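Asker: Dumping the structure here so I can ask a few things about it.
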Amino acid sequence: MQQTPAITPEASSRGFRCFHVKPSAWQWLTLGVALLVLVPLSVLFFAWTEPAWDIWQHLRETLLSRLLLNTMILVVGVSSGTLLIGISLAWLTGACDFPGRRVFSWALLLPLAMPTYVLAFVSLGIFDFTGPVQTQLREWFGRGAWFPDMRSAGGVVLVMSLALYPYVYLLARNAFRTQGKRALEAAQSLGCSPVGGFFKVVLPMARPWITGGATLVLMEALADFGAVSIFNYDTFTTAIYKAWFGFFSLSAAAQLSSLLVAMVFVLVAIEQRLRKRMRFAQSRITPQTESIKLTGGRKWLATGYCTGILSIAFLLPALQLISWSLEIFHEEFDSRYLGLLGHSLALGLMSALLIAATALLLAYAGRRHQDRLTHGLIRTATLGYALPGTVLAVGIFIPLAWLDNQLIGLAQQLFGLQISQLLQGTILIMLLAYMIRFMAAGFKSIDSAMHRVTTNIDEASRLMGLRGIKLLYKVHLPMLRGGIFTALTLAFVDVMKEMPITLMTRPFGWDTLAVKIFELTSEGEWDRAALPSLTLLMSGLLPIVLLMRQTDKD
């Protein structure tokens, strides 16, 4: 009798083209995690088998055209704003030399620590009609003094551009650091002016990095719920929330979610296509080149520009949060606040541990099996970062609610138990949604560290009898401590700041800092929302410090 052969590296590399090859436990693991992403997506698209025609009729008559227009304005406006701010700052700090450049090179990343919805309500508190800026302007120039309306499409686009520009800035700066003066001089030797050389040579060489940052910005803009809800700016994310909690229609929420997912997938496909065409970019990292020394008024103009962006995007909002927090600290800081903080910390810690453990297993599975199928499943398992929180909340809740009903019915038939709910109303839904949403952040940190471990170490360990889990536990785990710590930190902070998943799937009584911020800002109580916002801001500084240290090493 012929035995089924075990997997060999040669057989694995063929990508399961031979059906007689038996998948390993690691590949079953990647399949299971990938299904956690595919199931909610499938549920969303299958929701179209029973369209909610009455709600769609209402949306078509009242909101749908505005949703499409607002979402398009948001995507185009935020992408344009972040590209303008991010590229200009990246060029100044990455390729030029001016007073304060060393400080600005890392300080301009600080807005990443501030949740978008926090910057949104602080900006309204400062620049709205009743805020201190407009009040002072009316005292100086009279009651008719004009100031742009913050509660507008331009206001939300500006706030989100200031909050998200670091994605473009970080990646573009890495590109400009390796080009610097050398690329500009090469362009000038070909007859280009300094401005022409920047647009014709330097900028195209940095396009792969810029495109990567712009794609992240587009994902965040489409996924945003907190900032647009604070500005009362209707987009698909707010419509999904209203369909569920306003119209009490999960099917309508699922159908709206599927449209948003389709938009996200189109953006991902476009980004992948652009990357394939970018063959002209530098393929290897080169040392940082000599900087362009700015002189005269240009150096002070550069310093002033960086100072202005940093002040509006981080320093001024942070100072306003501190001021509001000091005013209401004695009123707000009590046992209820400690309960909110405890819930946020508990969810962050549990989710971070779950994400880091799963990401470690996925990274190890990808190391053991280099075939296309395994890596395709891993890419699917990390696709959740591209999915908005509102979409995941709907996609996770529907199948788990169905499973809950089946388990309750089975318990009644077999044991005669009268149970109202098993899975619904628990934090399991939240943890699964968090894991799907932020798996990419944990996986990339651990997988990058895993690639630094040479295969020679694995071969030597196998000669000593270490295989499978023992090899992972005794050899790889100690060498991956840095990557695991980074994954834990990033996942913890992302979960702490996540608003729509927490808001839409939390059990009764499980309010968190993010939920409290939403409730208070919905009522316009900016000062009372400052204390939980400041707490989230301080927690968000942790990954930024790690990111700065990593950038300095690179």
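Letters A, B, ... mark the chains of the structure tokens in the order given; residue numbers begin at 1 per chain; ligand numbers begin at 1, in order shown.
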Per residue of range 375-426 of chain A within 12 Å of range 240-262 of chain A, what are the shortest atom pair and its distance in Å to one decimal, counting only C-alpha atoms, with rows by chain and residue number, as CSV?

Answerer:
```
residue,atom,partner,partner_atom,distance
A:Leu383,CA,A:Val261,CA,11.4
A:Gly384,CA,A:Val261,CA,10.7
A:Tyr385,CA,A:Val261,CA,11.6
A:Ala386,CA,A:Val261,CA,8.5
A:Leu387,CA,A:Val261,CA,6.7
A:Pro388,CA,A:Val261,CA,8.1
A:Gly389,CA,A:Ser257,CA,10.1
A:Thr390,CA,A:Ile240,CA,6.8
A:Val391,CA,A:Ser257,CA,5.1
A:Leu392,CA,A:Ser257,CA,8.6
A:Ala393,CA,A:Ala254,CA,9.6
A:Val394,CA,A:Ala254,CA,6.1
A:Gly395,CA,A:Ala254,CA,6.9
A:Ile396,CA,A:Ala254,CA,10.4
A:Phe397,CA,A:Leu250,CA,9.1
A:Ile398,CA,A:Leu250,CA,7.6
A:Pro399,CA,A:Leu250,CA,11.4
A:Ala401,CA,A:Leu250,CA,11.0
```

Asker: Wanna dump the range 498-523 of chain A-range 474-494 of chain A contacts at 12 Å for me, each residue with its shortest atom pair and the distance in Å to one decimal, counting only C-alpha atoms, ordered by chain and number, as JSON lines?

Answerer:
```
{"residue": "A:Glu498", "atom": "CA", "partner": "A:Asp494", "partner_atom": "CA", "distance": 6.0}
{"residue": "A:Met499", "atom": "CA", "partner": "A:Asp494", "partner_atom": "CA", "distance": 9.8}
{"residue": "A:Ile501", "atom": "CA", "partner": "A:Asp494", "partner_atom": "CA", "distance": 11.5}
{"residue": "A:Thr502", "atom": "CA", "partner": "A:Asp494", "partner_atom": "CA", "distance": 11.7}
{"residue": "A:Ala514", "atom": "CA", "partner": "A:Asp494", "partner_atom": "CA", "distance": 11.3}
```

Asker: Keeping only N, CA, C and O atoms, take the residues you just selected and write them out as a PDB file, in the first residue's frame.

Answerer:
```pdb
ATOM      1  N   GLU A 498      -9.734  52.745  18.319  1.00  0.00           N
ATOM      2  CA  GLU A 498     -10.791  52.322  17.393  1.00  0.00           C
ATOM      3  C   GLU A 498     -12.170  52.716  17.925  1.00  0.00           C
ATOM      4  O   GLU A 498     -12.545  52.378  19.044  1.00  0.00           O
ATOM      5  N   MET A 499     -12.934  53.430  17.095  1.00  0.00           N
ATOM      6  CA  MET A 499     -14.250  53.875  17.527  1.00  0.00           C
ATOM      7  C   MET A 499     -15.407  53.063  16.947  1.00  0.00           C
ATOM      8  O   MET A 499     -16.240  52.549  17.708  1.00  0.00           O
ATOM      9  N   ILE A 501     -15.948  50.030  15.525  1.00  0.00           N
ATOM     10  CA  ILE A 501     -16.123  48.635  15.954  1.00  0.00           C
ATOM     11  C   ILE A 501     -16.584  48.589  17.405  1.00  0.00           C
ATOM     12  O   ILE A 501     -17.522  47.847  17.756  1.00  0.00           O
ATOM     13  N   THR A 502     -15.935  49.374  18.255  1.00  0.00           N
ATOM     14  CA  THR A 502     -16.304  49.396  19.671  1.00  0.00           C
ATOM     15  C   THR A 502     -17.722  49.916  19.853  1.00  0.00           C
ATOM     16  O   THR A 502     -18.512  49.359  20.622  1.00  0.00           O
ATOM     17  N   ALA A 514     -13.114  55.690  23.843  1.00  0.00           N
ATOM     18  CA  ALA A 514     -13.529  56.108  22.499  1.00  0.00           C
ATOM     19  C   ALA A 514     -15.040  56.302  22.425  1.00  0.00           C
ATOM     20  O   ALA A 514     -15.524  57.248  21.792  1.00  0.00           O
TER      21      ALA A 514
END
```

Asker: Using DSSP secondary structure from the backbone, list all alpha helix (DSSP H) positions within range 246-387 of chain A, as a tab-separated table (two decimals) with N, CA, C and O atoms, in the first residue's frame.

Answerer:
```
chain	number	residue	atom	x	y	z
A	250	LEU	N	-30.14	45.47	9.62
A	250	LEU	CA	-28.82	44.91	9.37
A	250	LEU	C	-28.58	44.65	7.89
A	250	LEU	O	-27.47	44.78	7.39
A	251	SER	N	-29.64	44.28	7.18
A	251	SER	CA	-29.48	43.98	5.75
A	251	SER	C	-29.10	45.24	4.97
A	251	SER	O	-28.22	45.20	4.11
A	252	ALA	N	-29.74	46.37	5.28
A	252	ALA	CA	-29.38	47.62	4.60
A	252	ALA	C	-27.95	48.04	4.96
A	252	ALA	O	-27.20	48.50	4.10
A	253	ALA	N	-27.58	47.86	6.23
A	253	ALA	CA	-26.22	48.18	6.64
A	253	ALA	C	-25.21	47.29	5.91
A	253	ALA	O	-24.14	47.76	5.49
A	254	ALA	N	-25.55	46.01	5.76
A	254	ALA	CA	-24.65	45.09	5.05
A	254	ALA	C	-24.52	45.46	3.58
A	254	ALA	O	-23.43	45.40	3.00
A	255	GLN	N	-25.62	45.87	2.96
A	255	GLN	CA	-25.57	46.23	1.55
A	255	GLN	C	-24.76	47.51	1.33
A	255	GLN	O	-24.00	47.62	0.37
A	256	LEU	N	-24.93	48.49	2.21
A	256	LEU	CA	-24.10	49.69	2.13
A	256	LEU	C	-22.63	49.35	2.36
A	256	LEU	O	-21.74	49.90	1.70
A	257	SER	N	-22.38	48.44	3.28
A	257	SER	CA	-21.01	48.02	3.56
A	257	SER	C	-20.37	47.37	2.35
A	257	SER	O	-19.19	47.58	2.07
A	258	SER	N	-21.14	46.58	1.62
A	258	SER	CA	-20.59	45.91	0.44
A	258	SER	C	-20.18	46.92	-0.62
A	258	SER	O	-19.17	46.73	-1.32
A	259	LEU	N	-20.93	48.01	-0.75
A	259	LEU	CA	-20.55	49.06	-1.71
A	259	LEU	C	-19.24	49.72	-1.29
A	259	LEU	O	-18.38	49.99	-2.12
A	260	LEU	N	-19.09	49.95	0.01
A	260	LEU	CA	-17.85	50.55	0.50
A	260	LEU	C	-16.67	49.61	0.32
A	260	LEU	O	-15.57	50.03	-0.04
A	261	VAL	N	-16.89	48.31	0.55
A	261	VAL	CA	-15.84	47.32	0.32
A	261	VAL	C	-15.43	47.30	-1.15
A	261	VAL	O	-14.24	47.21	-1.48
A	262	ALA	N	-16.40	47.41	-2.04
A	262	ALA	CA	-16.08	47.43	-3.47
A	262	ALA	C	-15.19	48.63	-3.81
A	262	ALA	O	-14.24	48.51	-4.59
A	263	MET	N	-15.48	49.79	-3.22
A	263	MET	CA	-14.63	50.96	-3.44
A	263	MET	C	-13.20	50.70	-2.95
A	263	MET	O	-12.23	51.05	-3.63
A	264	VAL	N	-13.10	50.10	-1.77
A	264	VAL	CA	-11.77	49.83	-1.21
A	264	VAL	C	-11.00	48.87	-2.10
A	264	VAL	O	-9.80	49.08	-2.38
A	265	PHE	N	-11.65	47.82	-2.58
A	265	PHE	CA	-10.97	46.85	-3.43
A	265	PHE	C	-10.53	47.46	-4.75
A	265	PHE	O	-9.49	47.11	-5.30
A	266	VAL	N	-11.32	48.39	-5.27
A	266	VAL	CA	-10.92	49.09	-6.50
A	266	VAL	C	-9.64	49.88	-6.25
A	266	VAL	O	-8.71	49.87	-7.07
A	267	LEU	N	-9.57	50.57	-5.11
A	267	LEU	CA	-8.36	51.32	-4.77
A	267	LEU	C	-7.16	50.41	-4.61
A	267	LEU	O	-6.05	50.72	-5.07
A	268	VAL	N	-7.35	49.25	-3.95
A	268	VAL	CA	-6.26	48.30	-3.78
A	268	VAL	C	-5.78	47.79	-5.13
A	268	VAL	O	-4.57	47.67	-5.38
A	269	ALA	N	-6.72	47.48	-6.03
A	269	ALA	CA	-6.34	46.99	-7.36
A	269	ALA	C	-5.57	48.04	-8.15
A	269	ALA	O	-4.58	47.73	-8.82
A	270	ILE	N	-6.01	49.29	-8.05
A	270	ILE	CA	-5.31	50.37	-8.75
A	270	ILE	C	-3.90	50.53	-8.20
A	270	ILE	O	-2.93	50.69	-8.95
A	271	GLU	N	-3.79	50.48	-6.85
A	271	GLU	CA	-2.46	50.62	-6.23
A	271	GLU	C	-1.52	49.50	-6.65
A	271	GLU	O	-0.35	49.72	-6.97
A	272	GLN	N	-2.03	48.25	-6.69
A	272	GLN	CA	-1.20	47.13	-7.11
A	272	GLN	C	-0.79	47.26	-8.57
A	272	GLN	O	0.35	46.96	-8.94
A	273	ARG	N	-1.69	47.75	-9.40
A	273	ARG	CA	-1.36	47.92	-10.82
A	273	ARG	C	-0.30	49.00	-11.02
A	273	ARG	O	0.61	48.85	-11.83
A	274	LEU	N	-0.42	50.09	-10.26
A	274	LEU	CA	0.57	51.15	-10.37
A	274	LEU	C	1.94	50.66	-9.92
A	274	LEU	O	2.96	51.01	-10.51
A	275	ARG	N	1.97	49.86	-8.86
A	275	ARG	CA	3.25	49.37	-8.36
A	275	ARG	C	3.93	48.47	-9.38
A	275	ARG	O	5.15	48.47	-9.51
A	276	LYS	N	3.15	47.67	-10.10
A	276	LYS	CA	3.75	46.78	-11.09
A	276	LYS	C	4.39	47.56	-12.23
A	276	LYS	O	5.35	47.10	-12.84
A	277	ARG	N	3.84	48.74	-12.51
A	277	ARG	CA	4.38	49.52	-13.63
A	277	ARG	C	5.58	50.37	-13.23
A	277	ARG	O	6.25	50.93	-14.08
A	297	GLY	N	16.26	84.09	3.14
A	297	GLY	CA	14.88	84.01	3.60
A	297	GLY	C	14.26	82.63	3.42
A	297	GLY	O	13.30	82.28	4.12
A	298	ARG	N	14.82	81.83	2.49
A	298	ARG	CA	14.23	80.52	2.23
A	298	ARG	C	14.34	79.60	3.44
A	298	ARG	O	13.45	78.80	3.71
A	299	LYS	N	15.46	79.68	4.19
A	299	LYS	CA	15.62	78.78	5.32
A	299	LYS	C	14.62	79.13	6.43
A	299	LYS	O	14.08	78.25	7.09
A	300	TRP	N	14.35	80.43	6.62
A	300	TRP	CA	13.39	80.81	7.66
A	300	TRP	C	11.96	80.54	7.19
A	300	TRP	O	11.08	80.27	8.01
A	301	LEU	N	11.74	80.63	5.89
A	301	LEU	CA	10.42	80.27	5.35
A	301	LEU	C	10.15	78.79	5.57
A	301	LEU	O	9.03	78.39	5.93
A	302	ALA	N	11.18	77.95	5.36
A	302	ALA	CA	11.02	76.51	5.59
A	302	ALA	C	10.75	76.22	7.06
A	302	ALA	O	9.88	75.41	7.40
A	303	THR	N	11.49	76.91	7.94
A	303	THR	CA	11.27	76.72	9.38
A	303	THR	C	9.86	77.15	9.78
A	303	THR	O	9.18	76.47	10.56
A	304	GLY	N	9.42	78.28	9.25
A	304	GLY	CA	8.09	78.76	9.58
A	304	GLY	C	6.99	77.84	9.07
A	304	GLY	O	5.97	77.62	9.75
A	305	TYR	N	7.19	77.29	7.86
A	305	TYR	CA	6.18	76.38	7.29
A	305	TYR	C	6.05	75.12	8.13
A	305	TYR	O	4.94	74.69	8.47
A	306	CYS	N	7.18	74.51	8.50
A	306	CYS	CA	7.14	73.30	9.33
A	306	CYS	C	6.54	73.59	10.70
A	306	CYS	O	5.76	72.79	11.23
A	307	THR	N	6.90	74.75	11.27
A	307	THR	CA	6.35	75.12	12.57
A	307	THR	C	4.84	75.30	12.50
A	307	THR	O	4.10	74.87	13.39
A	308	GLY	N	4.37	75.94	11.43
A	308	GLY	CA	2.93	76.17	11.28
A	308	GLY	C	2.14	74.88	11.17
A	308	GLY	O	1.10	74.71	11.84
A	309	ILE	N	2.62	73.96	10.34
A	309	ILE	CA	1.91	72.67	10.18
A	309	ILE	C	1.91	71.90	11.49
A	309	ILE	O	0.87	71.37	11.92
A	310	LEU	N	3.07	71.82	12.15
A	310	LEU	CA	3.16	71.07	13.41
A	310	LEU	C	2.27	71.72	14.48
A	310	LEU	O	1.63	71.00	15.27
A	316	LEU	N	-1.05	72.87	19.05
A	316	LEU	CA	-2.21	73.64	19.50
A	316	LEU	C	-3.34	72.74	19.99
A	316	LEU	O	-3.90	72.99	21.07
A	317	PRO	N	-3.72	71.67	19.26
A	317	PRO	CA	-4.75	70.77	19.79
A	317	PRO	C	-4.35	70.11	21.10
A	317	PRO	O	-5.18	69.95	22.00
A	318	ALA	N	-3.06	69.70	21.23
A	318	ALA	CA	-2.62	69.06	22.47
A	318	ALA	C	-2.71	70.03	23.64
A	318	ALA	O	-3.16	69.66	24.74
A	319	LEU	N	-2.30	71.28	23.43
A	319	LEU	CA	-2.39	72.28	24.50
A	319	LEU	C	-3.84	72.55	24.88
A	319	LEU	O	-4.17	72.73	26.06
A	320	GLN	N	-4.73	72.57	23.88
A	320	GLN	CA	-6.15	72.79	24.17
A	320	GLN	C	-6.73	71.62	24.97
A	320	GLN	O	-7.53	71.84	25.90
A	321	LEU	N	-6.35	70.40	24.64
A	321	LEU	CA	-6.80	69.24	25.40
A	321	LEU	C	-6.31	69.32	26.86
A	321	LEU	O	-7.07	69.02	27.79
A	322	ILE	N	-5.06	69.71	27.04
A	322	ILE	CA	-4.53	69.84	28.40
A	322	ILE	C	-5.29	70.91	29.17
A	322	ILE	O	-5.65	70.73	30.34
A	323	SER	N	-5.57	72.04	28.52
A	323	SER	CA	-6.29	73.12	29.18
A	323	SER	C	-7.69	72.68	29.59
A	323	SER	O	-8.12	72.91	30.73
A	324	TRP	N	-8.43	72.07	28.66
A	324	TRP	CA	-9.77	71.59	29.00
A	324	TRP	C	-9.73	70.53	30.09
A	324	TRP	O	-10.58	70.51	30.98
A	325	SER	N	-8.74	69.63	30.02
A	325	SER	CA	-8.66	68.55	31.01
A	325	SER	C	-8.41	69.09	32.41
A	325	SER	O	-8.98	68.60	33.39
A	326	LEU	N	-7.56	70.11	32.52
A	326	LEU	CA	-7.30	70.69	33.84
A	326	LEU	C	-8.53	71.38	34.41
A	326	LEU	O	-8.76	71.37	35.63
A	327	GLU	N	-9.36	71.94	33.53
A	327	GLU	CA	-10.56	72.64	33.99
A	327	GLU	C	-11.61	71.69	34.56
A	327	GLU	O	-12.31	72.03	35.51
A	328	ILE	N	-11.72	70.50	33.97
A	328	ILE	CA	-12.81	69.60	34.38
A	328	ILE	C	-12.28	68.33	35.06
A	328	ILE	O	-13.04	67.38	35.25
A	329	PHE	N	-11.00	68.30	35.40
A	329	PHE	CA	-10.41	67.08	35.94
A	329	PHE	C	-11.13	66.62	37.21
A	329	PHE	O	-11.48	65.44	37.35
A	330	HIS	N	-11.37	67.53	38.13
A	330	HIS	CA	-11.98	67.14	39.41
A	330	HIS	C	-13.42	66.67	39.22
A	330	HIS	O	-13.93	65.89	40.02
A	331	GLU	N	-14.09	67.13	38.17
A	331	GLU	CA	-15.47	66.71	37.93
A	331	GLU	C	-15.55	65.38	37.20
A	331	GLU	O	-16.44	64.57	37.47
A	332	GLU	N	-14.64	65.13	36.27
A	332	GLU	CA	-14.73	63.96	35.40
A	332	GLU	C	-13.95	62.75	35.92
A	332	GLU	O	-14.33	61.61	35.66
A	335	SER	N	-14.80	57.24	39.63
A	335	SER	CA	-14.85	55.79	39.42
A	335	SER	C	-15.38	55.44	38.03
A	335	SER	O	-14.99	54.44	37.44
A	336	ARG	N	-16.29	56.27	37.49
A	336	ARG	CA	-16.82	55.99	36.14
A	336	ARG	C	-15.71	56.12	35.09
A	336	ARG	O	-15.63	55.30	34.17
A	337	TYR	N	-14.88	57.14	35.25
A	337	TYR	CA	-13.77	57.30	34.30
A	337	TYR	C	-12.79	56.14	34.42
A	337	TYR	O	-12.29	55.64	33.41
A	338	LEU	N	-12.52	55.72	35.64
A	338	LEU	CA	-11.63	54.58	35.84
A	338	LEU	C	-12.21	53.33	35.21
A	338	LEU	O	-11.46	52.49	34.68
A	339	GLY	N	-13.54	53.19	35.24
A	339	GLY	CA	-14.17	52.05	34.57
A	339	GLY	C	-13.99	52.10	33.07
A	339	GLY	O	-13.69	51.09	32.43
A	340	LEU	N	-14.15	53.29	32.47
A	340	LEU	CA	-13.92	53.45	31.03
A	340	LEU	C	-12.48	53.12	30.68
A	340	LEU	O	-12.20	52.43	29.68
A	341	LEU	N	-11.55	53.64	31.48
A	341	LEU	CA	-10.14	53.38	31.25
A	341	LEU	C	-9.83	51.89	31.38
A	341	LEU	O	-9.08	51.32	30.58
A	342	GLY	N	-10.44	51.25	32.39
A	342	GLY	CA	-10.23	49.82	32.58
A	342	GLY	C	-10.73	48.99	31.41
A	342	GLY	O	-10.06	48.05	30.96
A	343	HIS	N	-11.92	49.34	30.88
A	343	HIS	CA	-12.45	48.63	29.71
A	343	HIS	C	-11.55	48.81	28.49
A	343	HIS	O	-11.28	47.85	27.76
A	344	SER	N	-11.08	50.04	28.28
A	344	SER	CA	-10.20	50.30	27.13
A	344	SER	C	-8.90	49.52	27.25
A	344	SER	O	-8.43	48.91	26.28
A	345	LEU	N	-8.31	49.54	28.45
A	345	LEU	CA	-7.06	48.81	28.66
A	345	LEU	C	-7.25	47.30	28.51
A	345	LEU	O	-6.41	46.62	27.90
A	346	ALA	N	-8.36	46.79	29.04
A	346	ALA	CA	-8.61	45.35	28.95
A	346	ALA	C	-8.79	44.91	27.50
A	346	ALA	O	-8.20	43.91	27.07
A	347	LEU	N	-9.58	45.67	26.74
A	347	LEU	CA	-9.77	45.33	25.33
A	347	LEU	C	-8.46	45.46	24.56
A	347	LEU	O	-8.14	44.62	23.70
A	348	GLY	N	-7.69	46.51	24.85
A	348	GLY	CA	-6.41	46.69	24.16
A	348	GLY	C	-5.44	45.56	24.45
A	348	GLY	O	-4.80	45.04	23.53
A	349	LEU	N	-5.34	45.15	25.72
A	349	LEU	CA	-4.40	44.09	26.08
A	349	LEU	C	-4.83	42.75	25.51
A	349	LEU	O	-4.01	42.01	24.93
A	350	MET	N	-6.11	42.39	25.66
A	350	MET	CA	-6.58	41.11	25.13
A	350	MET	C	-6.43	41.05	23.62
A	350	MET	O	-5.97	40.04	23.06
A	351	SER	N	-6.80	42.12	22.94
A	351	SER	CA	-6.69	42.13	21.48
A	351	SER	C	-5.24	42.09	21.03
A	351	SER	O	-4.90	41.39	20.06
A	352	ALA	N	-4.37	42.83	21.73
A	352	ALA	CA	-2.96	42.85	21.35
A	352	ALA	C	-2.33	41.47	21.49
A	352	ALA	O	-1.57	41.03	20.62
A	353	LEU	N	-2.65	40.78	22.58
A	353	LEU	CA	-2.12	39.43	22.76
A	353	LEU	C	-2.65	38.48	21.69
A	353	LEU	O	-1.90	37.67	21.14
A	354	LEU	N	-3.95	38.58	21.39
A	354	LEU	CA	-4.53	37.72	20.36
A	354	LEU	C	-3.92	38.00	18.99
A	354	LEU	O	-3.57	37.07	18.24
A	355	ILE	N	-3.77	39.26	18.65
A	355	ILE	CA	-3.23	39.64	17.35
A	355	ILE	C	-1.77	39.22	17.23
A	355	ILE	O	-1.34	38.65	16.21
A	356	ALA	N	-0.97	39.49	18.27
A	356	ALA	CA	0.46	39.16	18.21
A	356	ALA	C	0.67	37.65	18.13
A	356	ALA	O	1.52	37.17	17.36
A	357	ALA	N	-0.11	36.87	18.89
A	357	ALA	CA	0.04	35.41	18.86
A	357	ALA	C	-0.34	34.86	17.49
A	357	ALA	O	0.37	34.01	16.92
A	358	THR	N	-1.46	35.33	16.94
A	358	THR	CA	-1.89	34.85	15.61
A	358	THR	C	-0.91	35.29	14.53
A	358	THR	O	-0.59	34.52	13.61
A	359	ALA	N	-0.43	36.54	14.62
A	359	ALA	CA	0.54	37.02	13.63
A	359	ALA	C	1.83	36.23	13.69
A	359	ALA	O	2.45	35.95	12.65
A	360	LEU	N	2.26	35.85	14.89
A	360	LEU	CA	3.47	35.04	15.03
A	360	LEU	C	3.31	33.69	14.35
A	360	LEU	O	4.21	33.22	13.63
A	361	LEU	N	2.16	33.06	14.53
A	361	LEU	CA	1.92	31.77	13.90
A	361	LEU	C	1.84	31.90	12.38
A	361	LEU	O	2.34	31.05	11.64
A	362	LEU	N	1.21	32.98	11.90
A	362	LEU	CA	1.14	33.20	10.45
A	362	LEU	C	2.53	33.43	9.86
A	362	LEU	O	2.87	32.90	8.79
A	363	ALA	N	3.34	34.24	10.54
A	363	ALA	CA	4.69	34.51	10.05
A	363	ALA	C	5.52	33.22	10.01
A	363	ALA	O	6.29	32.99	9.07
A	364	TYR	N	5.35	32.37	11.03
A	364	TYR	CA	6.11	31.12	11.06
A	364	TYR	C	5.62	30.16	9.98
A	364	TYR	O	6.41	29.45	9.36
A	365	ALA	N	4.30	30.16	9.73
A	365	ALA	CA	3.76	29.33	8.65
A	365	ALA	C	4.31	29.78	7.30
A	365	ALA	O	4.67	28.95	6.45
A	366	GLY	N	4.39	31.09	7.09
A	366	GLY	CA	4.96	31.59	5.85
A	366	GLY	C	6.44	31.27	5.72
A	366	GLY	O	6.95	31.11	4.60
A	367	ARG	N	7.14	31.16	6.84
A	367	ARG	CA	8.56	30.80	6.80
A	367	ARG	C	8.75	29.33	6.43
A	367	ARG	O	9.66	28.97	5.67
A	368	ARG	N	7.88	28.47	6.95
A	368	ARG	CA	8.00	27.04	6.70
A	368	ARG	C	7.54	26.65	5.29
A	368	ARG	O	8.07	25.70	4.70
A	372	ARG	N	2.86	29.46	-3.20
A	372	ARG	CA	1.98	30.59	-3.51
A	372	ARG	C	0.67	30.51	-2.73
A	372	ARG	O	0.12	31.54	-2.33
A	373	LEU	N	0.15	29.33	-2.54
A	373	LEU	CA	-1.13	29.19	-1.85
A	373	LEU	C	-1.03	29.69	-0.41
A	373	LEU	O	-1.88	30.44	0.07
A	374	THR	N	0.02	29.28	0.29
A	374	THR	CA	0.18	29.70	1.68
A	374	THR	C	0.33	31.21	1.77
A	374	THR	O	-0.31	31.86	2.61
A	375	HIS	N	1.14	31.77	0.91
A	375	HIS	CA	1.33	33.22	0.96
A	375	HIS	C	0.09	33.97	0.49
A	375	HIS	O	-0.18	35.08	0.95
A	376	GLY	N	-0.68	33.36	-0.40
A	376	GLY	CA	-1.96	33.97	-0.78
A	376	GLY	C	-2.94	33.99	0.38
A	376	GLY	O	-3.66	34.97	0.60
A	377	LEU	N	-2.96	32.90	1.14
A	377	LEU	CA	-3.83	32.86	2.32
A	377	LEU	C	-3.39	33.86	3.38
A	377	LEU	O	-4.21	34.48	4.05
A	378	ILE	N	-2.08	34.03	3.53
A	378	ILE	CA	-1.57	35.00	4.50
A	378	ILE	C	-1.95	36.42	4.08
A	378	ILE	O	-2.35	37.25	4.91
A	379	ARG	N	-1.83	36.72	2.78
A	379	ARG	CA	-2.24	38.04	2.31
A	379	ARG	C	-3.73	38.27	2.55
A	379	ARG	O	-4.15	39.38	2.91
A	380	THR	N	-4.53	37.23	2.36
A	380	THR	CA	-5.96	37.35	2.64
A	380	THR	C	-6.21	37.58	4.12
A	380	THR	O	-7.07	38.39	4.50
A	381	ALA	N	-5.45	36.89	4.97
A	381	ALA	CA	-5.63	37.02	6.42
A	381	ALA	C	-5.28	38.42	6.90
A	381	ALA	O	-5.78	38.86	7.95
```

Asker: Calculated over only C-alpha atoms, which of the candidates A:Thr521, A:Ser79, A:Thr535, A:Thr426 has the smallest distance to Pro507 in chain A?

Answerer: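 Smallest separation from Pro507 in chain A among the options: A:Thr426.
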
Asker: Have a look at CA of Pro500 in chain A and CA of Leu38 in chain A and let me know their distance in Å, one decimal.

Answerer: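 A separation of 20.0 Å between them.
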
Asker: Return the single residue from A:Leu63, A:Val168, A:Leu69, A:Leu422 that is closest to Leu407 in chain A, with distances computed using only C-alpha atoms.

Answerer: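 The shortest atom-to-atom distance to Leu407 in chain A comes from A:Leu422.
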
Asker: Smallest atom-to-atom distance to Ile55 in chain A: which of A:Leu537, A:Gly409, A:Ala239, A:Ala530, using only C-alpha atoms?

Answerer: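 Residue with the minimum atom-to-atom distance to Ile55 in chain A: A:Ala239.
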
Asker: Just how far from CA of Leu112 in chain A is CA of Ala95 in chain A, in Å to one decimal?

Answerer: 22.0 Å

Asker: Mind checking which residues fall within 10 Å of range 80-90 of chain A, counting only C-alpha atoms, ignoring those fewer than 6 positions away in the same chain, and posting them as a PyMOL selection string?

Answerer: chain A and resi 74+96+104-105+108+157-177+203+206+210-211+213-214+217-218+302+305-306+309

Asker: Between CA of His58 in chain A and CA of Asn232 in chain A, what distance in Å does the model show, to one decimal?

Answerer: 19.1 Å

Asker: Identify which of the residues A:Met150, A:Leu294, A:Met435, A:Leu41 lies closest to Gly131 in chain A, counting only C-alpha atoms when measuring atom-to-atom distances.

Answerer: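 Answer, going by the shortest atom-to-atom distance: A:Met150.
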